[in-house]
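To be precise, the following lines are model_25.txt, and they hold compact mmCIF, C-alpha atoms and all ligand atoms.
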```
# COMPACT_ATOMS: atom_id res chain seq x y z
CA MET A 1 161.43 193.53 118.37
CA LEU A 2 161.05 190.37 120.39
CA ASP A 3 163.80 187.98 119.59
CA ASN A 4 161.69 184.99 118.71
CA ILE A 5 164.56 182.88 117.55
CA GLN A 6 165.69 182.36 121.13
CA LEU A 7 162.58 180.47 122.07
CA ALA A 8 162.78 176.73 122.20
CA SER A 9 160.87 175.86 119.11
CA ALA A 10 159.24 172.81 117.63
CA ASP A 11 160.63 171.35 114.44
CA VAL A 12 158.66 173.13 111.79
CA THR A 13 160.19 172.71 108.39
CA VAL A 14 158.11 175.29 106.58
CA SER A 15 158.27 178.68 108.21
CA VAL A 16 158.33 182.31 107.21
CA ARG A 17 161.77 182.34 108.77
CA PRO A 18 163.23 178.87 108.36
CA MET A 19 166.29 178.82 110.58
CA PRO A 20 168.38 175.69 110.84
CA ARG A 21 170.41 175.24 113.96
CA PRO A 22 174.14 175.80 113.56
CA SER A 23 175.77 172.46 113.01
CA ALA A 24 179.51 172.59 113.51
CA GLU A 25 181.56 175.21 115.25
CA VAL A 26 183.84 175.65 112.27
CA HIS A 27 183.81 179.11 110.82
CA ARG A 28 185.86 181.08 108.39
CA VAL A 29 185.59 184.49 109.91
CA SER A 30 187.96 184.32 112.85
CA ALA A 31 191.14 184.07 110.80
CA GLY A 32 191.95 185.86 107.59
CA GLY A 33 189.35 188.58 107.98
CA ASN A 34 188.08 190.63 105.13
CA ALA A 35 190.53 189.31 102.53
CA ARG A 36 189.00 185.87 102.88
CA PHE A 37 185.52 187.35 102.75
CA GLN A 38 186.33 189.13 99.48
CA ALA A 39 187.72 185.91 98.02
CA TRP A 40 184.56 184.09 99.05
CA LEU A 41 182.45 186.88 97.55
CA GLY A 42 184.24 186.52 94.21
CA ALA A 43 183.43 182.81 94.10
CA PHE A 44 179.88 183.47 95.24
CA ARG A 45 179.34 185.93 92.37
CA GLU A 46 180.09 183.17 89.91
CA ARG A 47 177.63 180.82 91.58
CA ALA A 48 175.00 183.59 91.66
CA ALA A 49 175.50 184.40 87.99
CA GLU A 50 174.88 180.74 87.16
CA GLN A 51 171.52 181.09 88.89
CA GLY A 52 170.42 183.86 86.59
CA LEU A 53 171.59 186.98 88.41
CA SER A 54 172.92 189.63 86.07
CA HIS A 55 176.33 191.21 86.42
CA THR A 56 174.62 194.58 86.76
CA THR A 57 172.64 193.37 89.78
CA LEU A 58 175.67 191.72 91.33
CA ASP A 59 177.82 194.80 90.80
CA ARG A 60 175.23 197.12 92.28
CA ALA A 61 174.45 194.96 95.28
CA LEU A 62 177.80 193.45 96.17
CA THR A 63 180.50 195.93 95.23
CA GLY A 64 182.21 197.38 98.26
CA ILE A 65 180.53 195.29 100.93
CA ASN A 66 182.49 194.02 103.90
CA TYR A 67 181.55 191.34 106.34
CA ASP A 68 179.95 192.47 109.56
CA LYS A 69 181.69 191.22 112.70
CA ASP A 70 178.78 192.29 114.90
CA ILE A 71 176.46 189.92 113.08
CA ILE A 72 178.73 186.97 113.69
CA LYS A 73 178.93 187.98 117.32
CA ARG A 74 175.14 188.16 117.60
CA ASP A 75 174.77 184.82 115.90
CA ARG A 76 177.22 183.24 118.35
CA ASN A 77 175.52 184.72 121.38
CA GLN A 78 172.08 183.46 120.50
CA ALA A 79 172.29 180.05 122.08
CA GLU A 80 171.42 178.70 125.44
CA PHE A 81 168.92 180.38 127.63
CA SER A 82 165.24 179.77 127.46
CA LYS A 83 162.76 182.27 128.67
CA PRO A 84 159.77 180.94 130.59
CA ILE A 85 156.61 181.29 128.55
CA TRP A 86 155.02 183.62 131.11
CA GLU A 87 157.93 186.06 130.85
CA TYR A 88 157.65 186.00 127.09
CA LEU A 89 153.90 186.58 127.23
CA ASP A 90 154.25 189.39 129.79
CA SER A 91 156.19 191.29 127.14
CA ALA A 92 154.40 190.00 124.04
CA VAL A 93 150.96 190.85 125.39
CA SER A 94 151.83 193.77 127.69
CA ASP A 95 149.35 196.56 128.33
CA THR A 96 151.54 198.85 126.23
CA ARG A 97 151.52 196.49 123.27
CA ILE A 98 147.76 196.05 123.55
CA SER A 99 147.12 199.80 123.54
CA ASN A 100 149.66 200.38 120.74
CA GLY A 101 147.97 197.56 118.86
CA ARG A 102 144.53 199.11 119.23
CA ALA A 103 145.90 202.42 117.97
CA ALA A 104 147.68 200.73 115.03
CA LEU A 105 144.51 198.87 114.16
CA GLU A 106 142.48 202.09 114.19
CA ARG A 107 145.05 203.92 112.04
CA ASN A 108 145.02 201.11 109.45
CA ARG A 109 141.45 199.92 109.86
CA GLN A 110 140.42 200.33 106.23
CA THR A 111 143.51 198.57 104.89
CA LEU A 112 143.20 195.76 107.42
CA GLU A 113 139.52 195.30 106.61
CA ARG A 114 140.29 195.04 102.90
CA ILE A 115 143.02 192.52 103.69
CA GLU A 116 140.59 190.55 105.86
CA THR A 117 138.06 190.47 103.03
CA GLU A 118 140.66 189.42 100.46
CA TYR A 119 142.49 186.73 102.47
CA GLY A 120 140.02 185.74 105.17
CA VAL A 121 142.39 186.47 108.01
CA GLU A 122 141.00 188.58 110.86
CA LYS A 123 142.49 192.07 111.17
CA GLU A 124 143.35 191.49 114.84
CA VAL A 125 145.46 188.45 113.91
CA VAL A 126 147.37 190.36 111.22
CA THR A 127 147.84 193.24 113.66
CA ALA A 128 149.13 190.85 116.33
CA ILE A 129 151.76 189.48 113.94
CA TRP A 130 152.78 193.03 113.10
CA GLY A 131 152.97 193.78 116.82
CA LEU A 132 155.18 190.86 117.76
CA GLU A 133 157.41 191.03 114.71
CA THR A 134 158.27 194.74 114.72
CA SER A 135 156.14 196.47 117.38
CA PHE A 136 153.77 197.64 114.64
CA GLY A 137 156.53 198.70 112.32
CA THR A 138 158.53 200.60 114.93
CA TYR A 139 161.51 198.21 115.01
CA ARG A 140 162.10 196.88 111.55
CA GLY A 141 165.84 196.44 112.07
CA GLY A 142 168.65 198.62 110.81
CA ASN A 143 170.85 196.12 109.01
CA GLN A 144 171.54 196.06 105.29
CA THR A 145 170.05 192.70 104.36
CA ILE A 146 172.60 191.93 101.64
CA ARG A 147 175.50 192.56 103.98
CA SER A 148 173.93 190.50 106.79
CA LEU A 149 173.19 187.57 104.52
CA ALA A 150 176.59 187.68 102.83
CA THR A 151 178.26 187.66 106.24
CA LEU A 152 176.20 184.71 107.44
CA ALA A 153 176.67 182.83 104.15
CA PHE A 154 180.42 183.35 104.43
CA ASP A 155 180.37 182.05 107.99
CA ALA A 156 180.38 178.29 107.52
CA ARG A 157 177.97 177.30 110.22
CA ARG A 158 174.85 177.57 108.05
CA ALA A 159 176.48 178.63 104.83
CA GLN A 160 174.13 176.83 102.45
CA PHE A 161 171.00 178.15 104.10
CA PHE A 162 172.16 181.76 104.08
CA GLU A 163 173.60 181.53 100.57
CA THR A 164 170.14 180.48 99.39
CA GLN A 165 168.67 183.50 101.21
CA LEU A 166 171.31 185.78 99.72
CA VAL A 167 170.53 184.60 96.19
CA ALA A 168 166.82 185.17 96.89
CA ALA A 169 167.54 188.68 98.18
CA LEU A 170 169.49 189.47 95.01
CA GLN A 171 166.61 188.15 92.92
CA ILE A 172 164.28 190.55 94.75
CA ILE A 173 166.59 193.45 93.94
CA GLN A 174 166.91 192.33 90.33
CA ALA A 175 163.11 192.22 90.02
CA GLY A 176 163.02 195.89 91.01
CA ASP A 177 160.90 195.57 94.15
CA VAL A 178 163.45 197.42 96.30
CA SER A 179 166.89 198.97 95.98
CA THR A 180 169.90 197.49 97.77
CA GLY A 181 170.02 200.54 100.04
CA ASN A 182 166.39 200.25 101.09
CA MET A 183 166.53 196.52 101.69
CA ILE A 184 166.89 196.72 105.44
CA GLY A 185 165.97 194.31 108.20
CA SER A 186 167.08 192.29 111.19
CA TRP A 187 170.66 191.15 111.60
CA ALA A 188 169.59 187.63 110.56
CA GLY A 189 168.02 188.71 107.26
CA ALA A 190 164.33 189.03 108.19
CA MET A 191 162.84 192.00 106.37
CA GLY A 192 160.14 194.60 106.70
CA HIS A 193 157.11 195.10 108.91
CA THR A 194 156.34 191.41 109.20
CA GLN A 195 159.91 190.08 109.00
CA PHE A 196 159.94 187.85 105.94
CA MET A 197 163.08 186.00 104.97
CA PRO A 198 163.90 186.49 101.25
CA THR A 199 162.74 183.01 100.16
CA SER A 200 159.41 183.47 101.97
CA TYR A 201 159.09 186.87 100.36
CA LEU A 202 159.63 185.43 96.87
CA GLU A 203 157.02 182.79 97.47
CA HIS A 204 154.37 184.66 99.44
CA ALA A 205 154.69 188.46 99.37
CA VAL A 206 151.93 190.36 97.56
CA ASP A 207 151.52 193.78 95.97
CA PHE A 208 148.33 194.75 97.72
CA ASP A 209 148.31 198.47 96.97
CA GLY A 210 148.75 197.73 93.28
CA ASP A 211 151.73 199.98 92.52
CA GLY A 212 153.56 197.15 90.79
CA ARG A 213 156.04 196.46 93.58
CA ARG A 214 155.80 194.16 96.55
CA ASP A 215 157.12 196.66 99.05
CA ILE A 216 157.33 195.33 102.62
CA TRP A 217 160.08 197.82 103.61
CA SER A 218 158.48 201.24 103.24
CA ASP A 219 156.76 203.13 106.06
CA ASP A 220 153.42 202.23 104.51
CA PRO A 221 152.72 198.71 105.89
CA THR A 222 150.03 197.78 103.36
CA ASP A 223 151.98 195.23 101.30
CA ALA A 224 153.68 193.75 104.37
CA LEU A 225 150.42 193.23 106.25
CA ALA A 226 148.72 191.74 103.20
CA SER A 227 151.73 189.46 102.69
CA ALA A 228 151.44 188.16 106.25
CA ALA A 229 147.73 187.51 105.70
CA ALA A 230 148.42 185.84 102.35
CA TYR A 231 151.01 183.63 104.05
CA LEU A 232 148.53 182.49 106.71
CA ALA A 233 145.76 182.03 104.13
CA ARG A 234 147.99 179.88 101.97
CA HIS A 235 148.80 177.69 104.95
CA GLY A 236 145.16 177.00 105.66
CA TRP A 237 143.82 179.74 107.94
CA THR A 238 140.13 179.27 108.73
CA LYS A 239 138.31 182.53 109.35
CA GLY A 240 136.10 182.45 112.42
CA GLN A 241 137.88 179.53 114.02
CA PRO A 242 139.73 180.40 117.23
CA TRP A 243 143.47 179.71 117.46
CA GLY A 244 142.79 178.45 120.97
CA VAL A 245 140.49 178.86 123.93
CA GLU A 246 141.47 178.85 127.59
CA VAL A 247 139.81 175.90 129.31
CA ARG A 248 139.35 174.46 132.77
CA LEU A 249 140.14 170.78 133.17
CA PRO A 250 138.11 168.51 135.45
CA GLU A 251 139.65 167.11 138.65
CA ASP A 252 139.80 163.64 137.15
CA PHE A 253 141.20 164.76 133.79
CA ASP A 254 143.17 162.10 131.96
CA TYR A 255 146.45 163.92 131.29
CA ALA A 256 147.48 161.26 128.79
CA THR A 257 144.92 162.82 126.44
CA ALA A 258 146.59 166.26 126.55
CA ARG A 259 148.72 165.79 123.48
CA ARG A 260 148.92 167.43 120.12
CA ASP A 261 147.92 164.36 118.15
CA HIS A 262 144.85 163.62 120.25
CA THR A 263 142.08 165.76 118.82
CA LEU A 264 138.35 165.77 119.59
CA MET A 265 135.47 168.09 118.85
CA PRO A 266 134.85 170.62 121.64
CA SER A 267 131.52 168.88 122.43
CA GLU A 268 133.43 165.63 122.93
CA TRP A 269 135.88 167.38 125.23
CA ARG A 270 132.92 168.82 127.12
CA ALA A 271 131.58 165.31 127.62
CA ARG A 272 134.91 164.61 129.32
CA GLY A 273 134.46 167.57 131.65
CA VAL A 274 136.58 170.12 129.77
CA ARG A 275 134.90 173.52 129.57
CA SER A 276 135.96 176.99 128.66
CA ILE A 277 137.38 179.05 131.52
CA ASP A 278 134.16 181.10 131.73
CA GLY A 279 132.10 177.91 131.95
CA ARG A 280 130.48 178.31 128.57
CA ALA A 281 130.45 175.60 125.93
CA VAL A 282 133.07 175.98 123.21
CA PRO A 283 131.28 175.78 119.83
CA ASP A 284 132.33 172.92 117.54
CA HIS A 285 134.72 174.97 115.41
CA GLY A 286 136.62 171.85 114.44
CA LYS A 287 138.75 169.25 116.13
CA ALA A 288 140.96 170.50 118.92
CA ALA A 289 143.77 169.28 121.17
CA ILE A 290 144.51 170.16 124.78
CA LEU A 291 147.81 171.99 125.22
CA LEU A 292 149.42 172.62 128.60
CA PRO A 293 152.23 175.05 127.76
CA ALA A 294 153.61 174.99 131.31
CA GLY A 295 152.29 171.63 132.45
CA GLY A 296 149.36 170.80 134.68
CA LYS A 297 149.93 173.84 136.92
CA GLY A 298 149.61 176.52 134.23
CA VAL A 299 147.12 177.80 131.69
CA ALA A 300 145.28 175.03 129.81
CA LEU A 301 144.33 175.63 126.20
CA MET A 302 142.08 173.94 123.68
CA ILE A 303 143.86 174.53 120.38
CA PHE A 304 142.44 174.35 116.86
CA ASP A 305 143.96 173.97 113.40
CA ASN A 306 144.60 177.72 113.21
CA PHE A 307 147.23 177.21 115.93
CA LYS A 308 149.19 175.11 113.43
CA VAL A 309 148.83 177.82 110.82
CA ILE A 310 150.44 180.41 113.11
CA GLU A 311 153.21 177.86 113.74
CA ARG A 312 154.14 178.31 110.09
CA TYR A 313 155.21 181.81 111.00
CA ASN A 314 157.24 180.72 113.99
CA GLY A 315 157.04 177.25 115.50
CA ALA A 316 157.56 178.15 119.16
CA ASP A 317 154.46 177.53 121.31
CA ALA A 318 155.15 180.78 123.16
CA TYR A 319 155.10 182.74 119.91
CA VAL A 320 151.88 181.16 118.66
CA ILE A 321 150.16 181.74 122.00
CA GLY A 322 151.51 185.31 122.00
CA ILE A 323 150.00 186.02 118.58
CA GLY A 324 146.72 184.33 119.47
CA HIS A 325 146.36 185.96 122.86
CA LEU A 326 147.33 189.42 121.61
CA SER A 327 144.74 189.13 118.84
CA ASP A 328 142.13 188.14 121.43
CA ARG A 329 143.04 191.12 123.60
CA LEU A 330 142.75 193.42 120.57
CA ILE A 331 139.21 192.11 120.05
CA GLY A 332 138.49 192.92 123.70
CA LYS A 333 138.60 189.43 125.20
CA PRO A 334 140.00 189.08 128.74
CA SER A 335 143.50 187.97 129.69
CA PHE A 336 144.22 184.39 130.75
CA GLN A 337 142.43 183.54 133.98
CA ALA A 338 144.68 180.77 135.29
CA ASP A 339 148.11 181.46 136.76
CA TRP A 340 151.42 180.29 135.42
CA PRO A 341 153.85 178.40 137.69
CA ARG A 342 155.92 181.56 138.03
CA SER A 343 158.02 180.24 140.91
CA ASP A 344 159.36 177.41 138.73
CA ARG A 345 162.65 177.95 136.97
CA VAL A 346 162.61 176.56 133.44
CA LEU A 347 165.37 174.19 132.40
CA SER A 348 168.36 175.54 130.52
CA PHE A 349 169.54 174.01 127.27
CA THR A 350 172.25 172.06 129.14
CA GLU A 351 169.74 170.85 131.71
CA ARG A 352 167.33 169.76 129.00
CA LYS A 353 170.10 167.70 127.44
CA GLU A 354 170.94 166.21 130.81
CA LEU A 355 167.27 165.37 131.31
CA GLN A 356 167.18 163.58 127.95
CA GLN A 357 170.33 161.66 128.80
CA ARG A 358 169.03 160.58 132.19
CA LEU A 359 165.58 159.67 130.90
CA THR A 360 167.09 157.55 128.13
CA GLN A 361 169.45 155.84 130.58
CA ALA A 362 166.48 155.11 132.85
CA GLY A 363 164.68 153.36 129.97
CA PHE A 364 162.52 156.26 128.76
CA ASP A 365 163.98 156.83 125.32
CA THR A 366 163.89 160.46 124.13
CA GLN A 367 165.09 159.39 120.64
CA GLY A 368 168.09 161.67 120.77
CA ILE A 369 169.85 164.21 122.98
CA ASP A 370 169.40 167.63 121.40
CA GLY A 371 168.22 169.84 124.25
CA ARG A 372 164.89 170.44 122.58
CA THR A 373 161.60 169.46 124.13
CA GLY A 374 159.97 167.83 121.14
CA PRO A 375 157.21 165.21 121.03
CA ASN A 376 159.55 162.29 121.81
CA THR A 377 160.92 163.99 124.90
CA ILE A 378 157.42 164.92 126.06
CA GLU A 379 156.35 161.27 125.66
CA ALA A 380 159.42 160.06 127.58
CA VAL A 381 158.70 162.54 130.39
CA ARG A 382 155.10 161.36 130.46
CA ALA A 383 156.09 157.69 130.66
CA TYR A 384 158.51 158.49 133.49
CA GLN A 385 155.85 160.50 135.33
CA LEU A 386 153.37 157.63 135.00
CA ALA A 387 155.94 155.15 136.29
CA GLN A 388 156.59 157.42 139.27
CA GLY A 389 152.92 158.06 140.00
CA PHE A 390 153.14 161.76 139.11
CA VAL A 391 150.64 163.74 137.05
CA PRO A 392 151.62 162.75 133.48
CA ASP A 393 151.51 166.21 131.91
CA GLY A 394 154.74 165.66 129.94
CA TYR A 395 156.19 168.92 131.25
CA PRO A 396 159.84 168.78 132.30
CA THR A 397 160.60 170.61 135.54
CA LEU A 398 163.73 171.05 137.62
CA LYS A 399 162.13 168.84 140.26
CA LEU A 400 161.75 166.09 137.70
CA LEU A 401 165.41 166.40 136.70
CA GLU A 402 166.51 166.36 140.32
CA GLY A 403 164.50 163.19 140.83
CA LEU A 404 166.42 161.54 138.01
CA ARG A 405 169.84 162.56 139.35
CA CA B 1 152.98 197.68 96.31
```
What do you get writing this file as structure tokens?
Ligand SMILES: [Ca+2]
Amino acid sequence: MLDNIQLASADVTVSVRPMPRPSAEVHRVSAGGNARFQAWLGAFRERAAEQGLSHTTLDRALTGINYDKDIIKRDRNQAEFSKPIWEYLDSAVSDTRISNGRAALERNRQTLERIETEYGVEKEVVTAIWGLETSFGTYRGGNQTIRSLATLAFDARRAQFFETQLVAALQIIQAGDVSTGNMIGSWAGAMGHTQFMPTSYLEHAVDFDGDGRRDIWSDDPTDALASAAAYLARHGWTKGQPWGVEVRLPEDFDYATARRDHTLMPSEWRARGVRSIDGRAVPDHGKAAILLPAGGKGVALMIFDNFKVIERYNGADAYVIGIGHLSDRLIGKPSFQADWPRSDRVLSFTERKELQQRLTQAGFDTQGIDGRTGPNTIEAVRAYQLAQGFVPDGYPTLKLLEGLR
């Protein structure tokens, strides 16, 4: 499975895998070990019982579990590095994944067509999510979800978040959808073919094969694929609208208009010289923004509202583009025509923080120093670029940082 969590991601509050950043470095695990975990578990059981979980469920699911040191280690090691988007896409939309995706789509064509009819989400899009989440069900994770979540809830860094997930997971078991033993997923608690966190499962999973259980864990992916489609449908997916279209920008393009909140109809963009990469007119599917995922030197995209719907699954641009592009390739559309600035090194987390500090000191306020390239940082970069007479694409490069030093 691609580890999507490592991508620098936009602040999306509603997501299939909401994942707050760790706040403080305090944690309970290092000292005291399992005895402290068992004490915590005892107190947790009382809190869980108050939320309607039966003693039978709690006994079955929690008796005999220990905390998992490896999970804490993995959680600690997540931090820092950012992968350039082109490296991510090389793997997300590799030839192997495309051919595996076509085979998976053929194998499940009837199911995927029924799902498409029911939820109005194209089968290639659902297949692409399946492909990026678990390589079409091949890597669903081997961790006992209850143990993972209990470990992470015990660890104080995001205790509240993971305790909520643990309670939700216990509610799923209590409802009879899955046994504790079969509730298996990623180390961070994402479950099944399409990697739902327990709260997202409770809210959005569906029993599509009609056997009375919402089963996203079994080898049969039917419920999991339908649940992913239901999730996108509920967040406003528009069938027939592209997620995005690769475009060519005119020489005199006004880069200040390449921003998420500046949307025009494709015909209006065309009047400004923006055309699809193959020269054809993009139909007026709805309002669209211009996105330059790697700045003015990389692929340029015209993105529609469906882009925002995929963001509800995972807010990282790279992920959304990966899903969209993989789905296009499954339909038979060509790969991106423009090159990425592959010789550029992307900024590390520490460098991004330094960039924010230096921009703010120079009078281009990034509204905070968090190492994340959000809208405020992009605007500050743009203002700095304009002041310096550079192309104002809002994309932070090493060269830009060096100029500020
Ligand atoms: Ca079912």
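Take CA of Arg97 (chain A) and CA of Ile331 (chain A): the distance between them is 13.5 Å.
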Hey, what's within 10 Å of Ala383 (chain A) if we count all atoms listed in the file and toss same-chain stuff fewer than 2 positions away? As a PDB file with C-alpha atoms, in the frame of the given file, please?
```
ATOM      1  CA  ALA A 256     147.480 161.260 128.790  1.00  0.00           C
ATOM      2  CA  LEU A 359     165.580 159.670 130.900  1.00  0.00           C
ATOM      3  CA  GLY A 363     164.680 153.360 129.970  1.00  0.00           C
ATOM      4  CA  PHE A 364     162.520 156.260 128.760  1.00  0.00           C
ATOM      5  CA  ASP A 365     163.980 156.830 125.320  1.00  0.00           C
ATOM      6  CA  THR A 377     160.920 163.990 124.900  1.00  0.00           C
ATOM      7  CA  ILE A 378     157.420 164.920 126.060  1.00  0.00           C
ATOM      8  CA  GLU A 379     156.350 161.270 125.660  1.00  0.00           C
ATOM      9  CA  ALA A 380     159.420 160.060 127.580  1.00  0.00           C
ATOM     10  CA  VAL A 381     158.700 162.540 130.390  1.00  0.00           C
ATOM     11  CA  GLN A 385     155.850 160.500 135.330  1.00  0.00           C
ATOM     12  CA  LEU A 386     153.370 157.630 135.000  1.00  0.00           C
ATOM     13  CA  ALA A 387     155.940 155.150 136.290  1.00  0.00           C
ATOM     14  CA  GLN A 388     156.590 157.420 139.270  1.00  0.00           C
ATOM     15  CA  GLY A 389     152.920 158.060 140.000  1.00  0.00           C
ATOM     16  CA  PHE A 390     153.140 161.760 139.110  1.00  0.00           C
ATOM     17  CA  PRO A 392     151.620 162.750 133.480  1.00  0.00           C
ATOM     18  CA  ASP A 393     151.510 166.210 131.910  1.00  0.00           C
ATOM     19  CA  GLY A 394     154.740 165.660 129.940  1.00  0.00           C
TER      20      GLY A 394
END
```
Taking all atoms listed in the file into account, produce a table as a tab-separated table in which each residue of chain A with an atom at most 6 Å from an atom of ligand CA 1 (chain B) appears once, together with its shortest atom pair and the distance in Å to one decimal, ordered by chain and rising number.
```
residue	atom	partner	partner_atom	distance
A:Asp207	CA	B:CA1	CA	4.2
A:Phe208	CA	B:CA1	CA	5.7
A:Asp209	CA	B:CA1	CA	4.8
A:Gly210	CA	B:CA1	CA	5.2
A:Asp211	CA	B:CA1	CA	4.6
A:Gly212	CA	B:CA1	CA	5.6
A:Arg213	CA	B:CA1	CA	4.3
A:Arg214	CA	B:CA1	CA	4.5
A:Asp215	CA	B:CA1	CA	5.1
A:Asp223	CA	B:CA1	CA	5.6
```
Please tell me which residues are no farther than 12 Å from (172.8, 180.7, 102.1) in the file, counting only C-alpha atoms, and write them as an MDAnalysis selection string.
chainID A and resid 18:20 44 47:48 146 148:170 188:189 197:199
List as an mmCIF file with C-alpha atoms, in the coordinates of the input the protein and nucleic acid residues near Trp86 (chain A), meaning an atom at most 9 Å away when all atoms listed in the file are counted, but skip any in the same chain fewer than 5 places from it.
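Result saved to around_26.cif:
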```
data_model
loop_
_atom_site.group_PDB
_atom_site.id
_atom_site.type_symbol
_atom_site.label_atom_id
_atom_site.label_comp_id
_atom_site.auth_asym_id
_atom_site.auth_seq_id
_atom_site.Cartn_x
_atom_site.Cartn_y
_atom_site.Cartn_z
ATOM 1 C CA SER A 91 156.190 191.290 127.140
ATOM 2 C CA ALA A 294 153.610 174.990 131.310
ATOM 3 C CA ALA A 318 155.150 180.780 123.160
ATOM 4 C CA TRP A 340 151.420 180.290 135.420
ATOM 5 C CA PRO A 341 153.850 178.400 137.690
ATOM 6 C CA ARG A 342 155.920 181.560 138.030
#
```
Need the shell around Ala233 (chain A): protein/DNA/RNA residues with any atom at most 7 Å away, counting all atoms listed in the file. Skip same-chain ones fewer than 3 positions apart. Format as an NGL selection string?
:A and (119-121 or 229-230 or 236-237)
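When all atoms listed in the file are used to compute distances to Asn108 (chain A), the closest of the residues A:Arg270, A:Val320, A:Thr222, A:Thr96 turns out to be A:Thr222.
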How far is it from CA of Phe304 (chain A) to CA of Pro266 (chain A), in Å with one decimal?
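Those two atoms sit 9.7 Å apart.
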Option closest in space to Arg275 (chain A), from A:Val346, A:Ala289, A:Val245, A:Val309 [counting all atoms listed in the file]:
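Between A:Val346, A:Ala289, A:Val245, A:Val309, the residue approaching Arg275 (chain A) most closely is A:Val245.
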Under the rule that only C-alpha atoms are counted, which of A:Ile129, A:Ile71, A:Ala61, A:Lys287 is the nearest residue to Ser179 (chain A)?
A:Ala61
To one decimal in Å, tell me the separation between CA of Ala103 (chain A) and CA of Glu133 (chain A).
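Answer for the CA of Ala103 (chain A) to CA of Glu133 (chain A) separation: 16.5 Å.
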Under the rule that only C-alpha atoms are counted, which of A:Thr397, A:Ser15, A:Thr134, A:Gln171 is the nearest residue to Gly52 (chain A)?
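Counting only C-alpha atoms, the residue closest to Gly52 (chain A) is A:Gln171.
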Test item: residues at most 12 Å from Ile310 (chain A), only C-alpha atoms, excluding those fewer than 6 positions along its chain, as a ChimeraX atom specification:
/A:12,14-16,121,125-126,128-129,228-229,231-238,242-244,303-304,316-325,327
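For the choices A:Val391, A:Leu132, A:Leu398, A:Ala104, the atom-to-atom distance to Glu251 (chain A) is smallest for A:Val391 when using only C-alpha atoms.
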Which residue of A:Gln144, A:Gln38, A:Ser335, A:Thr257 approaches Leu292 (chain A) most closely, using all atoms listed in the file
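Under the stated criterion, the closest residue is A:Thr257.
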Ref. answer, residues at most 9 Å from (165.3, 158.8, 138.8) with all atoms listed in the file, as a CSV table (one decimal) with C-alpha atoms, in the frame of the given file:
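The resulting out_11.csv:
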```
chain,number,residue,atom,x,y,z
A,358,ARG,CA,169.0,160.6,132.2
A,359,LEU,CA,165.6,159.7,130.9
A,362,ALA,CA,166.5,155.1,132.8
A,384,TYR,CA,158.5,158.5,133.5
A,388,GLN,CA,156.6,157.4,139.3
A,400,LEU,CA,161.8,166.1,137.7
A,401,LEU,CA,165.4,166.4,136.7
A,402,GLU,CA,166.5,166.4,140.3
A,403,GLY,CA,164.5,163.2,140.8
A,404,LEU,CA,166.4,161.5,138.0
A,405,ARG,CA,169.8,162.6,139.4
```
Please rebuild region 201-212 of chain A with N, CA and C atoms and give the result as a short mmCIF file (atom, residue, chain, number, x, y, z; two decimals), keeping the file's coordinate frame.
```cif
data_model
loop_
_atom_site.label_atom_id
_atom_site.label_comp_id
_atom_site.auth_asym_id
_atom_site.auth_seq_id
_atom_site.Cartn_x
_atom_site.Cartn_y
_atom_site.Cartn_z
N TYR A 201 159.56 185.72 101.12
CA TYR A 201 159.09 186.87 100.36
C TYR A 201 158.81 186.46 98.91
N LEU A 202 159.79 185.80 98.28
CA LEU A 202 159.63 185.43 96.87
C LEU A 202 158.38 184.59 96.67
N GLU A 203 158.13 183.71 97.64
CA GLU A 203 157.02 182.79 97.47
C GLU A 203 155.67 183.41 97.85
N HIS A 204 155.66 184.28 98.85
CA HIS A 204 154.37 184.66 99.44
C HIS A 204 154.04 186.15 99.46
N ALA A 205 155.01 187.04 99.24
CA ALA A 205 154.69 188.46 99.37
C ALA A 205 153.75 188.90 98.25
N VAL A 206 152.90 189.88 98.54
CA VAL A 206 151.93 190.36 97.56
C VAL A 206 152.00 191.89 97.42
N ASP A 207 151.63 192.34 96.23
CA ASP A 207 151.52 193.78 95.97
C ASP A 207 150.07 194.17 96.18
N PHE A 208 149.74 194.54 97.40
CA PHE A 208 148.33 194.75 97.72
C PHE A 208 147.85 196.15 97.32
N ASP A 209 148.76 197.13 97.33
CA ASP A 209 148.31 198.47 96.97
C ASP A 209 148.37 198.71 95.45
N GLY A 210 148.86 197.69 94.73
CA GLY A 210 148.75 197.73 93.28
C GLY A 210 149.68 198.70 92.57
N ASP A 211 150.81 199.06 93.20
CA ASP A 211 151.73 199.98 92.52
C ASP A 211 152.79 199.24 91.71
N GLY A 212 152.64 197.92 91.61
CA GLY A 212 153.56 197.15 90.79
C GLY A 212 154.76 196.60 91.53
#
```
